Amino acid sequence: MRALSGKARLAGVIGWPISHSRSPRLHGFWLAQLGIDGAYLPFAVRPERLAAALDALAVLGFRGINVTLPHKERVLALCSEVTPSARRIGAVNTIRFGEDGTILGSNTDGFGFIENLRAALPAWRADAGPAVLLGAGGAARALAVALAEAGVPEIRLANRTASRAARLVDELGPPLRLAEWDARGDALDGAALLVNGTVLGMAGQPPLELDLARLPRHAVVNDIVYVPIETPLLAAARARGNRVVDGLGMLLQQGRMGFEAWFGRKVGVSAEQRAAVLAT
Ligand SMILES: NC(=O)c1ccc[n+]([C@@H]2O[C@H](COP(=O)([O-])OP(=O)(O)OC[C@H]3O[C@@H](n4cnc5c(N)ncnc54)[C@H](OP(=O)(O)O)[C@@H]3O)[C@@H](O)[C@H]2O)c1
């Protein structure tokens, strides 16, 4: 890290635990690339100390922070203002501290997801056809809102715990509709996009079992799991000729909004940054 001045801009990430976070590497890359007088630091914050940590960071003059597990939902109630998308998602992952003591909460996961799709496949169109979304956890909620806001005409949502998916479909309404987890292969009929928003396929988790036979060859397959980069789902989809998009780009793209707000410089995602983050 370059030497900081007394005017250095500060940001960081809070989570519990935090040691696995790739955000310091992600933001550190941009800080170094642009030679910014600033730092981005990881903070392990116990759930019961969340409010105290927010106060402390604001008092210390931090411009803002990222919020990761397990704080994303609880932090919403501690924000003085929340963007409409974050409210619909029900979670905040990016905070800006206002000079007047306000705490502005937003959620950049959906932005990162759509930007990554567009960067990887510039010809991708939201209105190309139905999407199948697997999962109903925190990340999948952000994907559902992002896909709906982008104009996907139909989003078939399947989750192992059906009641969780049903609740999300009820909350968001059309274009979401419920699909059965046990018949998830059937939901692929005529789909233009398949997204894995579950933990399945992630290192240490079971693989996603899914028969791709009914998925059209022109469909795009996006896995938001990024450890490993090439999940078994992406490998299977690639092998049968589908275009695939991995999850690391989403992580990098979602960081742009926070970085630009805190450090005041526009940034883009590059192959060099991918390599730097992967080396973590
Ligand atoms: N690329 C990115 O930028 C990015 C951003 C955020 C998250 N992610 C990744 O997205 C994944 C989900 O994260 P999250 O925050 O949404 O987690 P979460 O809130 O804990 O949700 C977990 C999801 O996985 C499902 N699941 C867990 N174990 C399962 C199993 N054995 N069989 C079937 N379904 C199972 C859950 O279903 P139930 O409801 O039935 O439990 C739920 O839908 C993680 O791998 C995370 O790393 C990536």
# chains A, B, ... in the order shown; residues from 1 in each chain; ligands from 1
call {"tool": "residues_around", "arguments": {"residues": "Glu209 in chain A", "least_positions_apart": "3", "cutoff": "9 Å", "atoms": "only C-alpha atoms", "output": "PyMOL selection string"}}
result
chain A and resi 200+206+233
call {"tool": "write_last_selection", "arguments": {"atoms": "N, CA, C and O atoms", "output": "PDB file, in the first residue's frame"}}
result
ATOM      1  N   LEU A 200     -24.879 -24.368  -4.456  1.00  0.00           N
ATOM      2  CA  LEU A 200     -24.498 -25.659  -5.033  1.00  0.00           C
ATOM      3  C   LEU A 200     -23.463 -25.477  -6.138  1.00  0.00           C
ATOM      4  O   LEU A 200     -23.612 -24.605  -7.000  1.00  0.00           O
ATOM      5  N   PRO A 206     -22.183 -29.575  -2.239  1.00  0.00           N
ATOM      6  CA  PRO A 206     -22.481 -30.572  -3.278  1.00  0.00           C
ATOM      7  C   PRO A 206     -22.642 -29.895  -4.642  1.00  0.00           C
ATOM      8  O   PRO A 206     -22.919 -28.691  -4.703  1.00  0.00           O
ATOM      9  N   LEU A 233     -21.643 -26.987 -13.342  1.00  0.00           N
ATOM     10  CA  LEU A 233     -22.752 -26.526 -14.190  1.00  0.00           C
ATOM     11  C   LEU A 233     -22.224 -25.820 -15.435  1.00  0.00           C
ATOM     12  O   LEU A 233     -22.666 -26.092 -16.561  1.00  0.00           O
TER      13      LEU A 233
END
call {"tool": "closest_atom_pairs", "arguments": {"of": "chain A", "to": "ligand 1", "cutoff": "9 Å", "atoms": "only C-alpha atoms and all ligand atoms", "output": "JSON lines"}}
result
{"residue": "A:Thr68", "atom": "CA", "partner": "ligand 1", "partner_atom_place_in_ligand_line": "15 (O)", "distance": 8.7}
{"residue": "A:Leu69", "atom": "CA", "partner": "ligand 1", "partner_atom_place_in_ligand_line": "15 (O)", "distance": 7.3}
{"residue": "A:Pro70", "atom": "CA", "partner": "ligand 1", "partner_atom_place_in_ligand_line": "15 (O)", "distance": 8.9}
{"residue": "A:Asp109", "atom": "CA", "partner": "ligand 1", "partner_atom_place_in_ligand_line": "5 (C)", "distance": 6.1}
{"residue": "A:Gly110", "atom": "CA", "partner": "ligand 1", "partner_atom_place_in_ligand_line": "5 (C)", "distance": 8.9}
{"residue": "A:Gly112", "atom": "CA", "partner": "ligand 1", "partner_atom_place_in_ligand_line": "3 (O)", "distance": 7.0}
{"residue": "A:Phe113", "atom": "CA", "partner": "ligand 1", "partner_atom_place_in_ligand_line": "3 (O)", "distance": 7.1}
{"residue": "A:Leu134", "atom": "CA", "partner": "ligand 1", "partner_atom_place_in_ligand_line": "43 (O)", "distance": 7.0}
{"residue": "A:Gly135", "atom": "CA", "partner": "ligand 1", "partner_atom_place_in_ligand_line": "43 (O)", "distance": 3.4}
{"residue": "A:Ala136", "atom": "CA", "partner": "ligand 1", "partner_atom_place_in_ligand_line": "43 (O)", "distance": 4.1}
{"residue": "A:Gly137", "atom": "CA", "partner": "ligand 1", "partner_atom_place_in_ligand_line": "19 (O)", "distance": 3.4}
{"residue": "A:Gly138", "atom": "CA", "partner": "ligand 1", "partner_atom_place_in_ligand_line": "16 (O)", "distance": 3.9}
{"residue": "A:Ala139", "atom": "CA", "partner": "ligand 1", "partner_atom_place_in_ligand_line": "16 (O)", "distance": 3.6}
{"residue": "A:Ala140", "atom": "CA", "partner": "ligand 1", "partner_atom_place_in_ligand_line": "16 (O)", "distance": 5.4}
{"residue": "A:Arg141", "atom": "CA", "partner": "ligand 1", "partner_atom_place_in_ligand_line": "16 (O)", "distance": 7.5}
{"residue": "A:Ala142", "atom": "CA", "partner": "ligand 1", "partner_atom_place_in_ligand_line": "16 (O)", "distance": 8.6}
{"residue": "A:Ala158", "atom": "CA", "partner": "ligand 1", "partner_atom_place_in_ligand_line": "43 (O)", "distance": 8.5}
{"residue": "A:Asn159", "atom": "CA", "partner": "ligand 1", "partner_atom_place_in_ligand_line": "43 (O)", "distance": 5.5}
{"residue": "A:Arg160", "atom": "CA", "partner": "ligand 1", "partner_atom_place_in_ligand_line": "40 (O)", "distance": 3.9}
{"residue": "A:Thr161", "atom": "CA", "partner": "ligand 1", "partner_atom_place_in_ligand_line": "40 (O)", "distance": 3.7}
{"residue": "A:Ala162", "atom": "CA", "partner": "ligand 1", "partner_atom_place_in_ligand_line": "40 (O)", "distance": 7.2}
{"residue": "A:Ser163", "atom": "CA", "partner": "ligand 1", "partner_atom_place_in_ligand_line": "39 (O)", "distance": 8.3}
{"residue": "A:Arg164", "atom": "CA", "partner": "ligand 1", "partner_atom_place_in_ligand_line": "39 (O)", "distance": 5.9}
{"residue": "A:Ala165", "atom": "CA", "partner": "ligand 1", "partner_atom_place_in_ligand_line": "39 (O)", "distance": 7.5}
{"residue": "A:Trp181", "atom": "CA", "partner": "ligand 1", "partner_atom_place_in_ligand_line": "33 (C)", "distance": 8.5}
{"residue": "A:Asn196", "atom": "CA", "partner": "ligand 1", "partner_atom_place_in_ligand_line": "10 (O)", "distance": 7.9}
{"residue": "A:Gly197", "atom": "CA", "partner": "ligand 1", "partner_atom_place_in_ligand_line": "10 (O)", "distance": 5.3}
{"residue": "A:Thr198", "atom": "CA", "partner": "ligand 1", "partner_atom_place_in_ligand_line": "24 (O)", "distance": 3.5}
{"residue": "A:Val199", "atom": "CA", "partner": "ligand 1", "partner_atom_place_in_ligand_line": "45 (O)", "distance": 3.7}
{"residue": "A:Leu200", "atom": "CA", "partner": "ligand 1", "partner_atom_place_in_ligand_line": "29 (C)", "distance": 6.0}
{"residue": "A:Gly201", "atom": "CA", "partner": "ligand 1", "partner_atom_place_in_ligand_line": "45 (O)", "distance": 7.7}
{"residue": "A:Met202", "atom": "CA", "partner": "ligand 1", "partner_atom_place_in_ligand_line": "45 (O)", "distance": 5.6}
{"residue": "A:Ala203", "atom": "CA", "partner": "ligand 1", "partner_atom_place_in_ligand_line": "45 (O)", "distance": 8.6}
{"residue": "A:Gln205", "atom": "CA", "partner": "ligand 1", "partner_atom_place_in_ligand_line": "31 (N)", "distance": 7.3}
{"residue": "A:Pro206", "atom": "CA", "partner": "ligand 1", "partner_atom_place_in_ligand_line": "31 (N)", "distance": 6.5}
{"residue": "A:Pro207", "atom": "CA", "partner": "ligand 1", "partner_atom_place_in_ligand_line": "31 (N)", "distance": 8.6}
{"residue": "A:Leu208", "atom": "CA", "partner": "ligand 1", "partner_atom_place_in_ligand_line": "33 (C)", "distance": 7.6}
{"residue": "A:Asp223", "atom": "CA", "partner": "ligand 1", "partner_atom_place_in_ligand_line": "1 (N)", "distance": 7.8}
{"residue": "A:Ile224", "atom": "CA", "partner": "ligand 1", "partner_atom_place_in_ligand_line": "1 (N)", "distance": 4.2}
{"residue": "A:Val225", "atom": "CA", "partner": "ligand 1", "partner_atom_place_in_ligand_line": "45 (O)", "distance": 4.5}
{"residue": "A:Tyr226", "atom": "CA", "partner": "ligand 1", "partner_atom_place_in_ligand_line": "1 (N)", "distance": 5.8}
{"residue": "A:Val227", "atom": "CA", "partner": "ligand 1", "partner_atom_place_in_ligand_line": "47 (O)", "distance": 7.5}
{"residue": "A:Asp246", "atom": "CA", "partner": "ligand 1", "partner_atom_place_in_ligand_line": "1 (N)", "distance": 7.8}
{"residue": "A:Gly247", "atom": "CA", "partner": "ligand 1", "partner_atom_place_in_ligand_line": "1 (N)", "distance": 4.0}
{"residue": "A:Leu248", "atom": "CA", "partner": "ligand 1", "partner_atom_place_in_ligand_line": "1 (N)", "distance": 5.3}
{"residue": "A:Gly249", "atom": "CA", "partner": "ligand 1", "partner_atom_place_in_ligand_line": "1 (N)", "distance": 6.9}
{"residue": "A:Met250", "atom": "CA", "partner": "ligand 1", "partner_atom_place_in_ligand_line": "3 (O)", "distance": 4.4}
{"residue": "A:Leu251", "atom": "CA", "partner": "ligand 1", "partner_atom_place_in_ligand_line": "3 (O)", "distance": 3.3}
{"residue": "A:Leu252", "atom": "CA", "partner": "ligand 1", "partner_atom_place_in_ligand_line": "3 (O)", "distance": 7.1}
{"residue": "A:Gln253", "atom": "CA", "partner": "ligand 1", "partner_atom_place_in_ligand_line": "3 (O)", "distance": 8.0}
{"residue": "A:Gln254", "atom": "CA", "partner": "ligand 1", "partner_atom_place_in_ligand_line": "3 (O)", "distance": 6.9}
{"residue": "A:Gly255", "atom": "CA", "partner": "ligand 1", "partner_atom_place_in_ligand_line": "3 (O)", "distance": 8.9}
call {"tool": "closest_residue", "arguments": {"among": "A:Ala44, A:Ala150, A:Ala179, A:Leu210", "to": "Ser21 in chain A", "atoms": "only C-alpha atoms"}}
result
A:Ala44
call {"tool": "atom_distance", "arguments": {"atom1": "CA of Pro216 in chain A", "atom2": "CA of Val245 in chain A"}}
result
16.0 Å
call {"tool": "atom_distance", "arguments": {"atom1": "CA of Ser106 in chain A", "atom2": "CA of Pro47 in chain A"}}
result
19.5 Å
call {"tool": "select_by_dssp", "arguments": {"residues": "range 14-124 of chain A", "states": "helix (DSSP H, G or I)", "output": "PyMOL selection string"}}
result
chain A and resi 23-34+47-59+74-78+84-89+109-120
call {"tool": "closest_residue", "arguments": {"among": "A:Gly101, A:Cys79, A:Ile95, A:Glu48", "to": "Gly61 in chain A", "atoms": "only C-alpha atoms"}}
result
A:Gly101
call {"tool": "atom_distance", "arguments": {"atom1": "CA of Ser5 in chain A", "atom2": "CA of Ile36 in chain A"}}
result
10.4 Å
call {"tool": "select_by_dssp", "arguments": {"residues": "range 96-208 of chain A", "states": "strand (DSSP E or B)", "output": "list in words"}}
result
Arg96, Phe97, Ile103, Leu104, Gly105, Ser106, Ala131, Val132, Leu133, Leu134, Ile155, Arg156, Leu157, Ala158, Leu176, Arg177, Leu178, Leu193, Leu194, Val195 and Asn196 of chain A
call {"tool": "residues_around", "arguments": {"residues": "Ala91 in chain A", "least_positions_apart": "2", "cutoff": "8 Å", "atoms": "only C-alpha atoms", "output": "list in words"}}
result
Lys72, Glu73, Arg74, Val75, Leu76, Ala86, Arg87, Ile89, Asn93, Asn107 and Gly138 of chain A
call {"tool": "write_last_selection", "arguments": {"atoms": "all heavy atoms", "output": "PDB file, in the first residue's frame"}}
result
ATOM      1  N   LYS A  72     -26.029  -8.340   6.095  1.00  0.00           N
ATOM      2  CA  LYS A  72     -26.680  -7.639   4.984  1.00  0.00           C
ATOM      3  C   LYS A  72     -28.144  -7.283   5.223  1.00  0.00           C
ATOM      4  O   LYS A  72     -28.611  -6.247   4.782  1.00  0.00           O
ATOM      5  CB  LYS A  72     -26.614  -8.496   3.723  1.00  0.00           C
ATOM      6  CG  LYS A  72     -25.275  -8.552   3.043  1.00  0.00           C
ATOM      7  CD  LYS A  72     -25.477  -9.306   1.740  1.00  0.00           C
ATOM      8  CE  LYS A  72     -24.212  -9.606   1.016  1.00  0.00           C
ATOM      9  NZ  LYS A  72     -24.498 -10.145  -0.319  1.00  0.00           N
ATOM     10  N   GLU A  73     -28.873  -8.187   5.887  1.00  0.00           N
ATOM     11  CA  GLU A  73     -30.301  -7.913   6.122  1.00  0.00           C
ATOM     12  C   GLU A  73     -30.482  -6.979   7.320  1.00  0.00           C
ATOM     13  O   GLU A  73     -31.249  -6.029   7.253  1.00  0.00           O
ATOM     14  CB  GLU A  73     -31.088  -9.215   6.365  1.00  0.00           C
ATOM     15  CG  GLU A  73     -31.366 -10.011   5.108  1.00  0.00           C
ATOM     16  CD  GLU A  73     -30.261 -10.999   4.795  1.00  0.00           C
ATOM     17  OE1 GLU A  73     -29.442 -11.268   5.704  1.00  0.00           O
ATOM     18  OE2 GLU A  73     -30.202 -11.494   3.645  1.00  0.00           O
ATOM     19  N   ARG A  74     -29.760  -7.268   8.396  1.00  0.00           N
ATOM     20  CA  ARG A  74     -29.969  -6.503   9.633  1.00  0.00           C
ATOM     21  C   ARG A  74     -29.561  -5.044   9.495  1.00  0.00           C
ATOM     22  O   ARG A  74     -30.113  -4.156  10.148  1.00  0.00           O
ATOM     23  CB  ARG A  74     -29.206  -7.169  10.791  1.00  0.00           C
ATOM     24  CG  ARG A  74     -30.085  -8.125  11.573  1.00  0.00           C
ATOM     25  CD  ARG A  74     -29.504  -8.406  12.936  1.00  0.00           C
ATOM     26  NE  ARG A  74     -29.159  -7.213  13.687  1.00  0.00           N
ATOM     27  CZ  ARG A  74     -28.036  -7.072  14.397  1.00  0.00           C
ATOM     28  NH1 ARG A  74     -27.145  -8.030  14.426  1.00  0.00           N
ATOM     29  NH2 ARG A  74     -27.812  -5.978  15.069  1.00  0.00           N
ATOM     30  N   VAL A  75     -28.593  -4.787   8.621  1.00  0.00           N
ATOM     31  CA  VAL A  75     -28.083  -3.428   8.503  1.00  0.00           C
ATOM     32  C   VAL A  75     -29.122  -2.490   7.877  1.00  0.00           C
ATOM     33  O   VAL A  75     -29.077  -1.276   8.072  1.00  0.00           O
ATOM     34  CB  VAL A  75     -26.753  -3.432   7.709  1.00  0.00           C
ATOM     35  CG1 VAL A  75     -26.994  -3.446   6.209  1.00  0.00           C
ATOM     36  CG2 VAL A  75     -25.874  -2.263   8.107  1.00  0.00           C
ATOM     37  N   LEU A  76     -30.067  -3.067   7.182  1.00  0.00           N
ATOM     38  CA  LEU A  76     -31.103  -2.267   6.511  1.00  0.00           C
ATOM     39  C   LEU A  76     -31.815  -1.350   7.507  1.00  0.00           C
ATOM     40  O   LEU A  76     -32.041  -0.174   7.245  1.00  0.00           O
ATOM     41  CB  LEU A  76     -32.091  -3.228   5.854  1.00  0.00           C
ATOM     42  CG  LEU A  76     -32.979  -2.652   4.777  1.00  0.00           C
ATOM     43  CD1 LEU A  76     -32.687  -3.343   3.453  1.00  0.00           C
ATOM     44  CD2 LEU A  76     -34.436  -2.869   5.099  1.00  0.00           C
ATOM     45  N   ALA A  86     -32.667  -1.860  -3.014  1.00  0.00           N
ATOM     46  CA  ALA A  86     -32.204  -2.535  -1.796  1.00  0.00           C
ATOM     47  C   ALA A  86     -33.389  -2.887  -0.916  1.00  0.00           C
ATOM     48  O   ALA A  86     -33.429  -3.948  -0.286  1.00  0.00           O
ATOM     49  CB  ALA A  86     -31.218  -1.649  -1.047  1.00  0.00           C
ATOM     50  N   ARG A  87     -34.379  -1.998  -0.888  1.00  0.00           N
ATOM     51  CA  ARG A  87     -35.568  -2.275  -0.068  1.00  0.00           C
ATOM     52  C   ARG A  87     -36.310  -3.486  -0.621  1.00  0.00           C
ATOM     53  O   ARG A  87     -36.738  -4.352   0.113  1.00  0.00           O
ATOM     54  CB  ARG A  87     -36.457  -1.026  -0.017  1.00  0.00           C
ATOM     55  CG  ARG A  87     -37.615  -1.216   0.844  1.00  0.00           C
ATOM     56  CD  ARG A  87     -38.036  -0.133   1.821  1.00  0.00           C
ATOM     57  NE  ARG A  87     -37.178   0.903   2.294  1.00  0.00           N
ATOM     58  CZ  ARG A  87     -36.602   0.910   3.485  1.00  0.00           C
ATOM     59  NH1 ARG A  87     -36.738  -0.126   4.302  1.00  0.00           N
ATOM     60  NH2 ARG A  87     -35.882   1.934   3.874  1.00  0.00           N
ATOM     61  N   ILE A  89     -35.026  -5.896  -2.395  1.00  0.00           N
ATOM     62  CA  ILE A  89     -34.187  -7.082  -2.173  1.00  0.00           C
ATOM     63  C   ILE A  89     -34.235  -7.477  -0.700  1.00  0.00           C
ATOM     64  O   ILE A  89     -34.201  -8.656  -0.350  1.00  0.00           O
ATOM     65  CB  ILE A  89     -32.725  -6.789  -2.612  1.00  0.00           C
ATOM     66  CG1 ILE A  89     -32.668  -6.579  -4.131  1.00  0.00           C
ATOM     67  CG2 ILE A  89     -31.778  -7.895  -2.176  1.00  0.00           C
ATOM     68  CD1 ILE A  89     -31.388  -5.913  -4.623  1.00  0.00           C
ATOM     69  N   ASN A  93     -25.721  -3.995   0.776  1.00  0.00           N
ATOM     70  CA  ASN A  93     -24.316  -4.447   0.792  1.00  0.00           C
ATOM     71  C   ASN A  93     -23.322  -3.299   0.611  1.00  0.00           C
ATOM     72  O   ASN A  93     -22.122  -3.509   0.647  1.00  0.00           O
ATOM     73  CB  ASN A  93     -24.064  -5.538  -0.264  1.00  0.00           C
ATOM     74  CG  ASN A  93     -24.078  -4.997  -1.680  1.00  0.00           C
ATOM     75  OD1 ASN A  93     -24.451  -3.863  -1.928  1.00  0.00           O
ATOM     76  ND2 ASN A  93     -23.661  -5.811  -2.618  1.00  0.00           N
ATOM     77  N   ASN A 107     -27.882  -1.710  -2.599  1.00  0.00           N
ATOM     78  CA  ASN A 107     -27.475  -3.086  -2.879  1.00  0.00           C
ATOM     79  C   ASN A 107     -26.967  -3.129  -4.312  1.00  0.00           C
ATOM     80  O   ASN A 107     -27.710  -2.820  -5.238  1.00  0.00           O
ATOM     81  CB  ASN A 107     -28.647  -4.046  -2.690  1.00  0.00           C
ATOM     82  CG  ASN A 107     -28.176  -5.491  -2.720  1.00  0.00           C
ATOM     83  OD1 ASN A 107     -27.452  -5.890  -3.629  1.00  0.00           O
ATOM     84  ND2 ASN A 107     -28.556  -6.258  -1.721  1.00  0.00           N
ATOM     85  N   GLY A 138     -30.155 -14.753  -0.153  1.00  0.00           N
ATOM     86  CA  GLY A 138     -29.854 -13.336  -0.300  1.00  0.00           C
ATOM     87  C   GLY A 138     -29.446 -12.960  -1.708  1.00  0.00           C
ATOM     88  O   GLY A 138     -29.942 -11.968  -2.273  1.00  0.00           O
TER      89      GLY A 138
END
call {"tool": "residues_around", "arguments": {"residues": "Ala144 in chain A", "least_positions_apart": "6", "cutoff": "8 Å", "atoms": "only C-alpha atoms", "output": "JSON, numbers by chain"}}
result
{"A": [133, 155, 176]}
call {"tool": "write_last_selection", "arguments": {"atoms": "N, CA, C and O atoms", "output": "PDB file, in the first residue's frame"}}
result
ATOM      1  N   LEU A 133     -34.312 -19.159 -12.591  1.00  0.00           N
ATOM      2  CA  LEU A 133     -33.439 -18.743 -11.492  1.00  0.00           C
ATOM      3  C   LEU A 133     -33.538 -19.784 -10.385  1.00  0.00           C
ATOM      4  O   LEU A 133     -34.633 -20.056  -9.880  1.00  0.00           O
ATOM      5  N   ILE A 155     -39.717 -15.018 -15.106  1.00  0.00           N
ATOM      6  CA  ILE A 155     -38.631 -15.552 -14.276  1.00  0.00           C
ATOM      7  C   ILE A 155     -39.180 -16.743 -13.512  1.00  0.00           C
ATOM      8  O   ILE A 155     -40.056 -16.590 -12.645  1.00  0.00           O
ATOM      9  N   LEU A 176     -42.161 -12.873 -11.878  1.00  0.00           N
ATOM     10  CA  LEU A 176     -41.727 -14.090 -11.183  1.00  0.00           C
ATOM     11  C   LEU A 176     -42.852 -15.094 -11.132  1.00  0.00           C
ATOM     12  O   LEU A 176     -44.015 -14.717 -10.937  1.00  0.00           O
TER      13      LEU A 176
END
call {"tool": "residues_around", "arguments": {"residues": "Ala275 in chain A", "least_positions_apart": "4", "cutoff": "12 Å", "atoms": "only C-alpha atoms", "output": "MDAnalysis selection string"}}
result
chainID A and resid 22 25:26 29 229 248:249 252 269:271 279:280
call {"tool": "residues_around", "arguments": {"residues": "Thr102 in chain A", "least_positions_apart": "2", "cutoff": "12 Å", "atoms": "only C-alpha atoms", "output": "list in words"}}
result
Leu54, Asp55, Ala58, Val59, Arg63, Gly64, Leu78, Cys79, Ser80, Glu81, Val82, Ile95, Arg96, Phe97, Gly98, Glu99, Asp100, Leu104 and Gly105 of chain A
call {"tool": "closest_residue", "arguments": {"among": "A:Ala11, A:Leu172, A:Leu178, A:Ile114", "to": "Asn222 in chain A", "atoms": "only C-alpha atoms"}}
result
A:Ile114
call {"tool": "residues_around", "arguments": {"residues": "Val132 in chain A", "least_positions_apart": "6", "cutoff": "9 Å", "atoms": "only C-alpha atoms", "output": "PyMOL selection string"}}
result
chain A and resi 154-158+179+184+187-188+191-196
call {"tool": "decode", "arguments": {"residues": "range 249-265 of chain A", "atoms": "N, CA, C and O atoms", "output": "compact mmCIF listing (two decimals), in the first residue's frame"}}
result
# COMPACT_ATOMS: atom_id res chain seq x y z
N GLY A 249 -16.96 -12.07 -12.41
CA GLY A 249 -17.23 -10.75 -13.01
C GLY A 249 -18.30 -9.99 -12.25
O GLY A 249 -18.23 -8.77 -12.10
N MET A 250 -19.30 -10.71 -11.73
CA MET A 250 -20.37 -10.06 -10.95
C MET A 250 -19.78 -9.42 -9.70
O MET A 250 -20.10 -8.28 -9.34
N LEU A 251 -18.90 -10.17 -9.04
CA LEU A 251 -18.28 -9.65 -7.82
C LEU A 251 -17.50 -8.36 -8.12
O LEU A 251 -17.59 -7.38 -7.38
N LEU A 252 -16.76 -8.38 -9.22
CA LEU A 252 -15.94 -7.21 -9.56
C LEU A 252 -16.84 -6.04 -9.97
O LEU A 252 -16.63 -4.90 -9.53
N GLN A 253 -17.83 -6.33 -10.80
CA GLN A 253 -18.71 -5.25 -11.29
C GLN A 253 -19.49 -4.60 -10.15
O GLN A 253 -19.67 -3.39 -10.12
N GLN A 254 -19.95 -5.42 -9.18
CA GLN A 254 -20.76 -4.84 -8.10
C GLN A 254 -19.93 -3.89 -7.25
O GLN A 254 -20.47 -2.99 -6.61
N GLY A 255 -18.60 -4.07 -7.25
CA GLY A 255 -17.74 -3.20 -6.44
C GLY A 255 -17.60 -1.79 -7.00
O GLY A 255 -17.24 -0.86 -6.26
N ARG A 256 -17.89 -1.65 -8.30
CA ARG A 256 -17.65 -0.34 -8.94
C ARG A 256 -18.43 0.78 -8.28
O ARG A 256 -17.91 1.87 -8.07
N MET A 257 -19.70 0.52 -7.97
CA MET A 257 -20.56 1.61 -7.46
C MET A 257 -20.05 2.16 -6.14
O MET A 257 -20.00 3.37 -5.93
N GLY A 258 -19.68 1.27 -5.24
CA GLY A 258 -19.15 1.70 -3.94
C GLY A 258 -17.85 2.47 -4.13
O GLY A 258 -17.67 3.56 -3.58
N PHE A 259 -16.96 1.90 -4.95
CA PHE A 259 -15.66 2.54 -5.15
C PHE A 259 -15.83 3.96 -5.67
O PHE A 259 -15.19 4.90 -5.18
N GLU A 260 -16.70 4.10 -6.66
CA GLU A 260 -16.88 5.42 -7.28
C GLU A 260 -17.47 6.42 -6.27
O GLU A 260 -17.09 7.59 -6.26
N ALA A 261 -18.37 5.93 -5.42
CA ALA A 261 -18.99 6.82 -4.42
C ALA A 261 -17.97 7.23 -3.35
O ALA A 261 -17.93 8.39 -2.92
N TRP A 262 -17.13 6.30 -2.91
CA TRP A 262 -16.21 6.59 -1.80
C TRP A 262 -14.96 7.33 -2.25
O TRP A 262 -14.48 8.22 -1.55
N PHE A 263 -14.43 6.90 -3.40
CA PHE A 263 -13.12 7.43 -3.81
C PHE A 263 -13.21 8.43 -4.96
O PHE A 263 -12.20 9.01 -5.35
N GLY A 264 -14.43 8.61 -5.51
CA GLY A 264 -14.66 9.67 -6.48
C GLY A 264 -14.01 9.47 -7.84
O GLY A 264 -13.80 10.44 -8.57
N ARG A 265 -13.68 8.23 -8.20
CA ARG A 265 -13.10 7.97 -9.52
C ARG A 265 -13.84 6.84 -10.21
O ARG A 265 -14.22 5.85 -9.57
